[in-house]
Amino acid sequence: MTALPRVTTADQARADAGFHRALVELLYQAADDDLILAQRGAEWLGLVPHIEEDVAFSSITQDMTGHALALYQLLEELGEGQADHLAYFREPSAYRCAVLAERPNGEGTYLDSPRFDWAYTVVRQYVYQRFKRLRLEAMVKSRYQPLADLAEKMLREQFYHLYHWEVWMKQLTGRTEEAQRRMTEAWTRVLADAPSLSSLGPGEQEILSSGVLPWSLEKPFRQALEESARSYGLPAPNAWTMPEVNGRDGRHSPALPPMLEHMAEVYRIAPAGAW
Amino acid sequence: MSEADLQSRVMAALDEVMDPEIRGLSLVDLGMVERVEVDGGQVRVQLIPTYVGCPALGLMKADVERRLAAVPGVESVTVEFLRKPLWTTDRITPRGRERLKAVGIAPPAGSGPTEHWTPECPYCGSTQVHRENVFGPTSCRSIFYCDACRNPFEAIKPV
């Protein structure tokens with residue numbers, strides 16, 4: 001690979017149209033994944049199996065929201081608009097989160113008869129954090145220095161997020177028959193959406209050729225999932241078929257629009273409010 | 001007043017700005033102050049955020065601005081957060097570590113994330129402790145229990 005020069009400032013990035021376009025695309029994907037999945041996590045507040053989990057899960061979702069904010073701030077520097085606006089005021093079709101991040105936690109809503117699925121939540125959060133580790137490791141080698149610096153810092157925090165879900169994976173697999181059945185079912189559902197995570201969307205070629213990311217994430221992610229299947233006694237992932245709607249191109253499942261509407265409710269009432 | 005005088009007054013004032021979530025611990029103790037530049041009456045403070053998503057950062061910035069505005073000779077204050085260098089737990093100063101213990105929080109054993117580490121109980125100094133939860137009241141803290149003196153305590157996570 002030719003050694004392209006590092007891009008150290010937002011102004012330099014904006015001067016190169018192709019690089020800028022690819023960078024913005026990747027930043028939206030990563031920021032939206034964290035924001036939307038953190039919101040799904042926040043819906044569990046007060047409903048998780050025990051109080052220690054409430055403390056841990058809400059800390060993790062707070063960190064994820066913070067990571068999303070830091071990525072939206074990079075986008076702000078790149079001329080995309082104000083970070084809060086990017087989080088709350090875009091049309092659903094402008095979001096680039098993977099469809100896995102937006103799937104509901106289960107039936108009902110947290111306000112009304114939540115019949116949420118803990119097995120699905122554990123597996124989804126675990127698979128996402130496993131993927132996020134790989135994406136952050138690649139981002140550390142990004143040509144865009146501000147992103148590389150941020151990713152290095154995020155990795156240190158994200159270590160504890162992934163570790164938390166690994167503990168749950170270990171505890172819920174290979175135990176009772178019911179736990180195994182429910183974890184296997186959740187694993188199968190999450191695997192069906194997993195290709196949406198490592199997809200870099202329609203701009204994939206440009207993201208890779210411009211050096212915004214140094215390598216494709218699909219192969220290392222599939223390897224990681226195969227290892228996970230082995231260590232937790234879950235079925236190996238076989239087919240790698242992109243879900244019909246994957247999110248990376250702005251097409252989303254019906255679950256996203258009402259979620260965004262709910263998230264932005266307070267912000268819409270008082271856009272000038274300070275928190 | 002010379003710039004050097006003002007610089008030392010500003011540093012002393014920064015040492016009075018406390019972490020909003022851990023009272024008794026200043027931003028200087030935490031190792032968050034990377035650089036202070038004084039140009040005439042204009043002061044520029046560069047801070048290193050502890051956690052990317054720490055919700056206290058906005059409060060810290062406002063507290064620094066307020067405290068420094070009260071320093072005689074200061075005309076304007078700019079506070080910036082840097083992306084580099086990274087904040088790691090070994091930036092906490094020796095005095096900061098003592099102050100953490102004084103409020104019942106075990107200082108970090110080192111830096112860099114790890115699955116297992118053994119803090120010293122801030123009350124009795126024992127290492128006969130076990131972890132109750134990797135996460136605690138804030139993202140940067142875990143919850144432990146001391147099997148020697150039978151007190152629960154918090155510990156700063158190594159990052």
# chains A, B, ... in the order shown; residues from 1 in each chain; ligands from 1

$ interface_residues --of "chain B" --to "chain A" --cutoff "12 Å" --atoms "only C-alpha atoms" --output "ChimeraX atom specification"
/B:48-59,81-89,111-116,131-143,157-159

$ select_by_dssp --residues "chain B" --states "helix (DSSP H, G or I)" --output "ChimeraX atom specification"
/B:3-14,57-69,89-91,94-102

$ select_by_dssp --residues "chain B" --states "strand (DSSP E)" --output "PyMOL selection string"
chain B and resi 18-19+22-26+33-39+42-47+76-81+105-106+129-133+141-146+152-156

$ write_last_selection --atoms "C-alpha atoms" --output "PDB file, in the first residue's frame"
ATOM      1  CA  MET B  18     -12.299  20.586  42.271  1.00  0.00           C
ATOM      2  CA  ASP B  19     -13.537  17.581  40.355  1.00  0.00           C
ATOM      3  CA  ILE B  22     -14.979  13.699  43.578  1.00  0.00           C
ATOM      4  CA  ARG B  23     -14.887  16.555  46.044  1.00  0.00           C
ATOM      5  CA  GLY B  24     -11.488  17.202  47.561  1.00  0.00           C
ATOM      6  CA  LEU B  25      -9.600  16.341  44.386  1.00  0.00           C
ATOM      7  CA  SER B  26      -8.453  19.187  42.128  1.00  0.00           C
ATOM      8  CA  VAL B  33      -3.845  20.439  33.373  1.00  0.00           C
ATOM      9  CA  GLU B  34      -1.487  20.053  30.432  1.00  0.00           C
ATOM     10  CA  ARG B  35      -0.517  23.667  29.727  1.00  0.00           C
ATOM     11  CA  VAL B  36      -1.204  27.202  30.906  1.00  0.00           C
ATOM     12  CA  GLU B  37      -0.206  30.128  28.704  1.00  0.00           C
ATOM     13  CA  VAL B  38      -0.315  33.710  29.893  1.00  0.00           C
ATOM     14  CA  ASP B  39      -0.131  36.548  27.396  1.00  0.00           C
ATOM     15  CA  GLN B  42      -5.075  36.668  28.542  1.00  0.00           C
ATOM     16  CA  VAL B  43      -4.954  33.149  29.869  1.00  0.00           C
ATOM     17  CA  ARG B  44      -5.220  29.959  27.835  1.00  0.00           C
ATOM     18  CA  VAL B  45      -5.684  26.704  29.700  1.00  0.00           C
ATOM     19  CA  GLN B  46      -5.322  23.327  27.993  1.00  0.00           C
ATOM     20  CA  LEU B  47      -6.933  20.419  29.802  1.00  0.00           C
ATOM     21  CA  SER B  76      -9.849  36.769  29.583  1.00  0.00           C
ATOM     22  CA  VAL B  77      -9.835  32.996  29.899  1.00  0.00           C
ATOM     23  CA  THR B  78      -9.914  30.354  27.181  1.00  0.00           C
ATOM     24  CA  VAL B  79     -10.297  26.697  28.148  1.00  0.00           C
ATOM     25  CA  GLU B  80      -9.594  23.966  25.616  1.00  0.00           C
ATOM     26  CA  PHE B  81      -9.745  20.182  25.842  1.00  0.00           C
ATOM     27  CA  ILE B 105     -11.522   5.794  46.934  1.00  0.00           C
ATOM     28  CA  ALA B 106      -8.600   3.501  46.179  1.00  0.00           C
ATOM     29  CA  VAL B 129     -10.295  -7.351  48.757  1.00  0.00           C
ATOM     30  CA  HIS B 130     -12.710  -8.555  46.117  1.00  0.00           C
ATOM     31  CA  ARG B 131     -14.459  -6.777  43.303  1.00  0.00           C
ATOM     32  CA  GLU B 132     -18.221  -6.384  43.460  1.00  0.00           C
ATOM     33  CA  ASN B 133     -18.684  -4.515  40.182  1.00  0.00           C
ATOM     34  CA  ARG B 141     -14.788   3.891  39.252  1.00  0.00           C
ATOM     35  CA  SER B 142     -15.364   0.271  40.308  1.00  0.00           C
ATOM     36  CA  ILE B 143     -16.840  -1.106  43.515  1.00  0.00           C
ATOM     37  CA  PHE B 144     -14.812  -3.376  45.814  1.00  0.00           C
ATOM     38  CA  TYR B 145     -15.296  -4.923  49.247  1.00  0.00           C
ATOM     39  CA  CYS B 146     -12.538  -5.239  51.833  1.00  0.00           C
ATOM     40  CA  PRO B 152     -17.183  -1.472  50.766  1.00  0.00           C
ATOM     41  CA  PHE B 153     -15.068   1.004  48.835  1.00  0.00           C
ATOM     42  CA  GLU B 154     -14.647   2.478  45.380  1.00  0.00           C
ATOM     43  CA  ALA B 155     -11.537   2.233  43.231  1.00  0.00           C
ATOM     44  CA  ILE B 156     -10.377   4.171  40.191  1.00  0.00           C
TER      45      ILE B 156
END

$ residues_around --residues "Arg67 (chain B)" --least-positions-apart "3" --cutoff "12 Å" --atoms "only C-alpha atoms" --output "PDB file with N, CA and C atoms, in the first residue's frame"
ATOM      1  N   ARG B   9      -0.064  32.544  39.972  1.00  0.00           N
ATOM      2  CA  ARG B   9      -1.389  32.753  40.578  1.00  0.00           C
ATOM      3  C   ARG B   9      -2.454  31.885  39.893  1.00  0.00           C
ATOM      4  N   VAL B  10      -2.350  31.815  38.556  1.00  0.00           N
ATOM      5  CA  VAL B  10      -3.314  31.003  37.796  1.00  0.00           C
ATOM      6  C   VAL B  10      -3.182  29.530  38.179  1.00  0.00           C
ATOM      7  N   MET B  11      -1.945  29.056  38.290  1.00  0.00           N
ATOM      8  CA  MET B  11      -1.735  27.651  38.670  1.00  0.00           C
ATOM      9  C   MET B  11      -2.321  27.384  40.059  1.00  0.00           C
ATOM     10  N   ALA B  12      -2.098  28.327  40.976  1.00  0.00           N
ATOM     11  CA  ALA B  12      -2.625  28.155  42.335  1.00  0.00           C
ATOM     12  C   ALA B  12      -4.153  28.138  42.312  1.00  0.00           C
ATOM     13  N   ALA B  13      -4.740  28.983  41.458  1.00  0.00           N
ATOM     14  CA  ALA B  13      -6.203  29.026  41.366  1.00  0.00           C
ATOM     15  C   ALA B  13      -6.748  27.726  40.763  1.00  0.00           C
ATOM     16  N   LEU B  14      -6.034  27.187  39.769  1.00  0.00           N
ATOM     17  CA  LEU B  14      -6.480  25.927  39.144  1.00  0.00           C
ATOM     18  C   LEU B  14      -6.475  24.790  40.164  1.00  0.00           C
ATOM     19  N   ASP B  15      -5.556  24.895  41.120  1.00  0.00           N
ATOM     20  CA  ASP B  15      -5.463  23.865  42.151  1.00  0.00           C
ATOM     21  C   ASP B  15      -6.644  23.949  43.122  1.00  0.00           C
ATOM     22  N   GLU B  16      -7.445  24.998  42.985  1.00  0.00           N
ATOM     23  CA  GLU B  16      -8.644  25.111  43.822  1.00  0.00           C
ATOM     24  C   GLU B  16      -9.900  24.674  43.078  1.00  0.00           C
ATOM     25  N   VAL B  17      -9.751  24.351  41.802  1.00  0.00           N
ATOM     26  CA  VAL B  17     -10.920  23.885  41.043  1.00  0.00           C
ATOM     27  C   VAL B  17     -11.044  22.376  41.247  1.00  0.00           C
ATOM     28  N   MET B  18     -12.144  21.989  41.873  1.00  0.00           N
ATOM     29  CA  MET B  18     -12.299  20.586  42.271  1.00  0.00           C
ATOM     30  C   MET B  18     -13.067  19.781  41.222  1.00  0.00           C
ATOM     31  N   MET B  60     -16.508  21.357  34.599  1.00  0.00           N
ATOM     32  CA  MET B  60     -15.107  21.680  34.896  1.00  0.00           C
ATOM     33  C   MET B  60     -14.680  22.930  34.136  1.00  0.00           C
ATOM     34  N   LYS B  61     -15.049  22.980  32.877  1.00  0.00           N
ATOM     35  CA  LYS B  61     -14.683  24.128  32.037  1.00  0.00           C
ATOM     36  C   LYS B  61     -15.275  25.408  32.630  1.00  0.00           C
ATOM     37  N   ALA B  62     -16.549  25.350  32.991  1.00  0.00           N
ATOM     38  CA  ALA B  62     -17.213  26.533  33.560  1.00  0.00           C
ATOM     39  C   ALA B  62     -16.571  26.913  34.893  1.00  0.00           C
ATOM     40  N   ASP B  63     -16.206  25.909  35.707  1.00  0.00           N
ATOM     41  CA  ASP B  63     -15.580  26.196  37.002  1.00  0.00           C
ATOM     42  C   ASP B  63     -14.215  26.861  36.826  1.00  0.00           C
ATOM     43  N   VAL B  64     -13.464  26.381  35.836  1.00  0.00           N
ATOM     44  CA  VAL B  64     -12.141  26.981  35.569  1.00  0.00           C
ATOM     45  C   VAL B  64     -12.315  28.433  35.137  1.00  0.00           C
ATOM     46  N   ALA B  70     -11.669  35.405  38.572  1.00  0.00           N
ATOM     47  CA  ALA B  70     -11.552  36.092  39.856  1.00  0.00           C
ATOM     48  C   ALA B  70     -10.095  36.346  40.255  1.00  0.00           C
ATOM     49  N   VAL B  71      -9.146  35.907  39.425  1.00  0.00           N
ATOM     50  CA  VAL B  71      -7.727  36.132  39.747  1.00  0.00           C
ATOM     51  C   VAL B  71      -7.347  37.549  39.292  1.00  0.00           C
ATOM     52  N   PRO B  72      -6.818  38.362  40.200  1.00  0.00           N
ATOM     53  CA  PRO B  72      -6.451  39.722  39.801  1.00  0.00           C
ATOM     54  C   PRO B  72      -5.428  39.699  38.658  1.00  0.00           C
ATOM     55  N   VAL B  74      -6.223  38.870  35.547  1.00  0.00           N
ATOM     56  CA  VAL B  74      -6.732  38.059  34.429  1.00  0.00           C
ATOM     57  C   VAL B  74      -7.837  38.821  33.705  1.00  0.00           C
ATOM     58  N   SER B  76      -8.993  37.719  30.295  1.00  0.00           N
ATOM     59  CA  SER B  76      -9.849  36.769  29.583  1.00  0.00           C
ATOM     60  C   SER B  76      -9.300  35.357  29.765  1.00  0.00           C
ATOM     61  N   VAL B  77     -10.209  34.390  29.671  1.00  0.00           N
ATOM     62  CA  VAL B  77      -9.835  32.996  29.899  1.00  0.00           C
ATOM     63  C   VAL B  77     -10.347  32.137  28.747  1.00  0.00           C
ATOM     64  N   VAL B  79     -10.548  28.069  27.698  1.00  0.00           N
ATOM     65  CA  VAL B  79     -10.297  26.697  28.148  1.00  0.00           C
ATOM     66  C   VAL B  79     -10.497  25.755  26.969  1.00  0.00           C
TER      67      VAL B  79
END

$ atom_distance --atom1 "CA of Gln205 (chain A)" --atom2 "CA of Pro237 (chain A)"
25.2 Å

$ closest_residue --among "A:Ala229, A:Ala239, A:Ile207, A:Ile36" --to "Pro195 (chain A)" --atoms "only C-alpha atoms"
A:Ala239

$ atom_distance --atom1 "CA of Leu100 (chain B)" --atom2 "CA of Thr118 (chain B)"
16.1 Å

$ residues_around --residues "Cys124 (chain B)" --least-positions-apart "3" --cutoff "8 Å" --atoms "only C-alpha atoms" --output "ChimeraX atom specification"
/B:121,148-149

$ closest_residue --among "B:Asp5, B:Asp29, B:Glu65, B:Glu21" --to "Glu98 (chain B)" --atoms "only C-alpha atoms"
B:Asp29

$ residues_around --residues "Gln180 (chain A)" --least-positions-apart "2" --cutoff "12 Å" --atoms "only C-alpha atoms" --output "PyMOL selection string"
chain A and resi 119+169-178+182-187+232-235

$ write_last_selection --atoms "N, CA and C atoms" --output "mmCIF file, in the first residue's frame"
data_model
loop_
_atom_site.group_PDB
_atom_site.id
_atom_site.type_symbol
_atom_site.label_atom_id
_atom_site.label_comp_id
_atom_site.auth_asym_id
_atom_site.auth_seq_id
_atom_site.Cartn_x
_atom_site.Cartn_y
_atom_site.Cartn_z
ATOM 1 N N ALA A 119 -31.507 -12.124 26.809
ATOM 2 C CA ALA A 119 -30.540 -12.924 26.039
ATOM 3 C C ALA A 119 -30.162 -12.179 24.757
ATOM 4 N N MET A 169 -21.788 -13.418 28.601
ATOM 5 C CA MET A 169 -21.797 -14.508 27.622
ATOM 6 C C MET A 169 -21.362 -15.813 28.292
ATOM 7 N N LYS A 170 -20.306 -15.689 29.092
ATOM 8 C CA LYS A 170 -19.778 -16.866 29.781
ATOM 9 C C LYS A 170 -20.799 -17.408 30.783
ATOM 10 N N GLN A 171 -21.466 -16.499 31.475
ATOM 11 C CA GLN A 171 -22.403 -16.939 32.515
ATOM 12 C C GLN A 171 -23.680 -17.557 31.961
ATOM 13 N N LEU A 172 -24.101 -17.095 30.797
ATOM 14 C CA LEU A 172 -25.396 -17.574 30.293
ATOM 15 C C LEU A 172 -25.285 -18.725 29.293
ATOM 16 N N THR A 173 -24.073 -19.024 28.830
ATOM 17 C CA THR A 173 -23.938 -20.168 27.912
ATOM 18 C C THR A 173 -23.390 -21.357 28.702
ATOM 19 N N GLY A 174 -23.741 -22.558 28.213
ATOM 20 C CA GLY A 174 -23.233 -23.776 28.845
ATOM 21 C C GLY A 174 -23.739 -23.995 30.258
ATOM 22 N N ARG A 175 -24.864 -23.398 30.615
ATOM 23 C CA ARG A 175 -25.414 -23.590 31.966
ATOM 24 C C ARG A 175 -26.709 -24.396 31.864
ATOM 25 N N THR A 176 -27.835 -23.744 32.111
ATOM 26 C CA THR A 176 -29.069 -24.520 32.061
ATOM 27 C C THR A 176 -29.540 -24.687 30.616
ATOM 28 N N GLU A 177 -30.425 -25.633 30.466
ATOM 29 C CA GLU A 177 -30.952 -25.916 29.131
ATOM 30 C C GLU A 177 -31.712 -24.702 28.577
ATOM 31 N N GLU A 178 -32.489 -24.080 29.465
ATOM 32 C CA GLU A 178 -33.284 -22.931 29.014
ATOM 33 C C GLU A 178 -32.375 -21.776 28.590
ATOM 34 N N ARG A 182 -32.173 -20.128 24.852
ATOM 35 C CA ARG A 182 -32.452 -18.713 24.597
ATOM 36 C C ARG A 182 -31.232 -17.977 24.037
ATOM 37 N N MET A 183 -30.058 -18.342 24.507
ATOM 38 C CA MET A 183 -28.837 -17.708 23.992
ATOM 39 C C MET A 183 -28.591 -18.110 22.535
ATOM 40 N N THR A 184 -28.864 -19.371 22.221
ATOM 41 C CA THR A 184 -28.668 -19.833 20.850
ATOM 42 C C THR A 184 -29.626 -19.122 19.897
ATOM 43 N N GLU A 185 -30.856 -18.989 20.365
ATOM 44 C CA GLU A 185 -31.868 -18.292 19.558
ATOM 45 C C GLU A 185 -31.439 -16.827 19.323
ATOM 46 N N ALA A 186 -30.979 -16.177 20.392
ATOM 47 C CA ALA A 186 -30.549 -14.772 20.288
ATOM 48 C C ALA A 186 -29.333 -14.658 19.359
ATOM 49 N N TRP A 187 -28.392 -15.573 19.530
ATOM 50 C CA TRP A 187 -27.175 -15.591 18.699
ATOM 51 C C TRP A 187 -27.535 -15.691 17.221
ATOM 52 N N TYR A 232 -18.059 -20.111 23.239
ATOM 53 C CA TYR A 232 -19.318 -20.124 24.003
ATOM 54 C C TYR A 232 -20.234 -21.284 23.625
ATOM 55 N N GLY A 233 -19.741 -22.173 22.789
ATOM 56 C CA GLY A 233 -20.550 -23.337 22.412
ATOM 57 C C GLY A 233 -21.818 -22.966 21.652
ATOM 58 N N LEU A 234 -21.692 -22.010 20.755
ATOM 59 C CA LEU A 234 -22.842 -21.561 19.959
ATOM 60 C C LEU A 234 -22.618 -21.969 18.502
ATOM 61 N N PRO A 235 -23.703 -22.030 17.709
ATOM 62 C CA PRO A 235 -23.534 -22.475 16.319
ATOM 63 C C PRO A 235 -22.593 -21.546 15.530
#

$ closest_residue --among "A:Leu208, A:Ala270, A:Ala10, A:Leu111" --to "Gly46 (chain A)" --atoms "only C-alpha atoms"
A:Leu111

$ atom_distance --atom1 "CA of Gly203 (chain A)" --atom2 "CA of Leu26 (chain A)"
8.6 Å

$ decode --residues "region 56-113 of chain B" --atoms "C-alpha atoms" --output "short mmCIF file (atom, residue, chain, number, x, y, z; two decimals), in the first residue's frame"
data_model
loop_
_atom_site.label_atom_id
_atom_site.label_comp_id
_atom_site.auth_asym_id
_atom_site.auth_seq_id
_atom_site.Cartn_x
_atom_site.Cartn_y
_atom_site.Cartn_z
CA ALA B 56 -18.45 16.56 34.23
CA LEU B 57 -16.28 18.15 31.51
CA GLY B 58 -18.68 21.01 30.84
CA LEU B 59 -18.89 21.78 34.56
CA MET B 60 -15.11 21.68 34.90
CA LYS B 61 -14.68 24.13 32.04
CA ALA B 62 -17.21 26.53 33.56
CA ASP B 63 -15.58 26.20 37.00
CA VAL B 64 -12.14 26.98 35.57
CA GLU B 65 -13.48 30.03 33.73
CA ARG B 66 -15.24 31.29 36.85
CA ARG B 67 -12.31 30.71 39.19
CA LEU B 68 -9.70 32.25 36.89
CA ALA B 69 -11.87 35.28 36.14
CA ALA B 70 -11.55 36.09 39.86
CA VAL B 71 -7.73 36.13 39.75
CA PRO B 72 -6.45 39.72 39.80
CA GLY B 73 -4.76 40.55 36.51
CA VAL B 74 -6.73 38.06 34.43
CA GLU B 75 -8.67 39.72 31.61
CA SER B 76 -9.85 36.77 29.58
CA VAL B 77 -9.84 33.00 29.90
CA THR B 78 -9.91 30.35 27.18
CA VAL B 79 -10.30 26.70 28.15
CA GLU B 80 -9.59 23.97 25.62
CA PHE B 81 -9.74 20.18 25.84
CA LEU B 82 -6.96 18.36 24.01
CA ARG B 83 -7.19 15.00 22.24
CA LYS B 84 -3.52 14.33 22.85
CA PRO B 85 -1.77 13.42 25.09
CA LEU B 86 -4.11 10.71 26.37
CA TRP B 87 -5.20 10.84 29.98
CA THR B 88 -4.12 7.70 31.77
CA THR B 89 -4.53 6.88 35.44
CA ASP B 90 -0.80 7.29 36.13
CA ARG B 91 -1.27 11.04 35.58
CA ILE B 92 -2.92 11.29 39.01
CA THR B 93 -0.32 13.00 41.23
CA PRO B 94 1.02 11.54 44.51
CA ARG B 95 -1.00 14.15 46.41
CA GLY B 96 -4.05 13.24 44.32
CA ARG B 97 -3.64 9.60 45.28
CA GLU B 98 -3.56 10.53 48.98
CA ARG B 99 -6.62 12.72 48.57
CA LEU B 100 -8.51 9.93 46.85
CA LYS B 101 -7.83 7.62 49.79
CA ALA B 102 -9.01 10.31 52.17
CA VAL B 103 -12.46 10.23 50.56
CA GLY B 104 -12.61 6.43 50.52
CA ILE B 105 -11.52 5.79 46.93
CA ALA B 106 -8.60 3.50 46.18
CA PRO B 107 -6.15 5.08 43.73
CA PRO B 108 -5.41 3.07 40.57
CA ALA B 109 -2.76 0.37 40.80
CA GLY B 110 -1.22 1.43 37.48
CA SER B 111 -2.38 2.41 34.03
CA GLY B 112 -3.83 0.56 31.07
CA PRO B 113 -7.08 -1.42 31.16
#
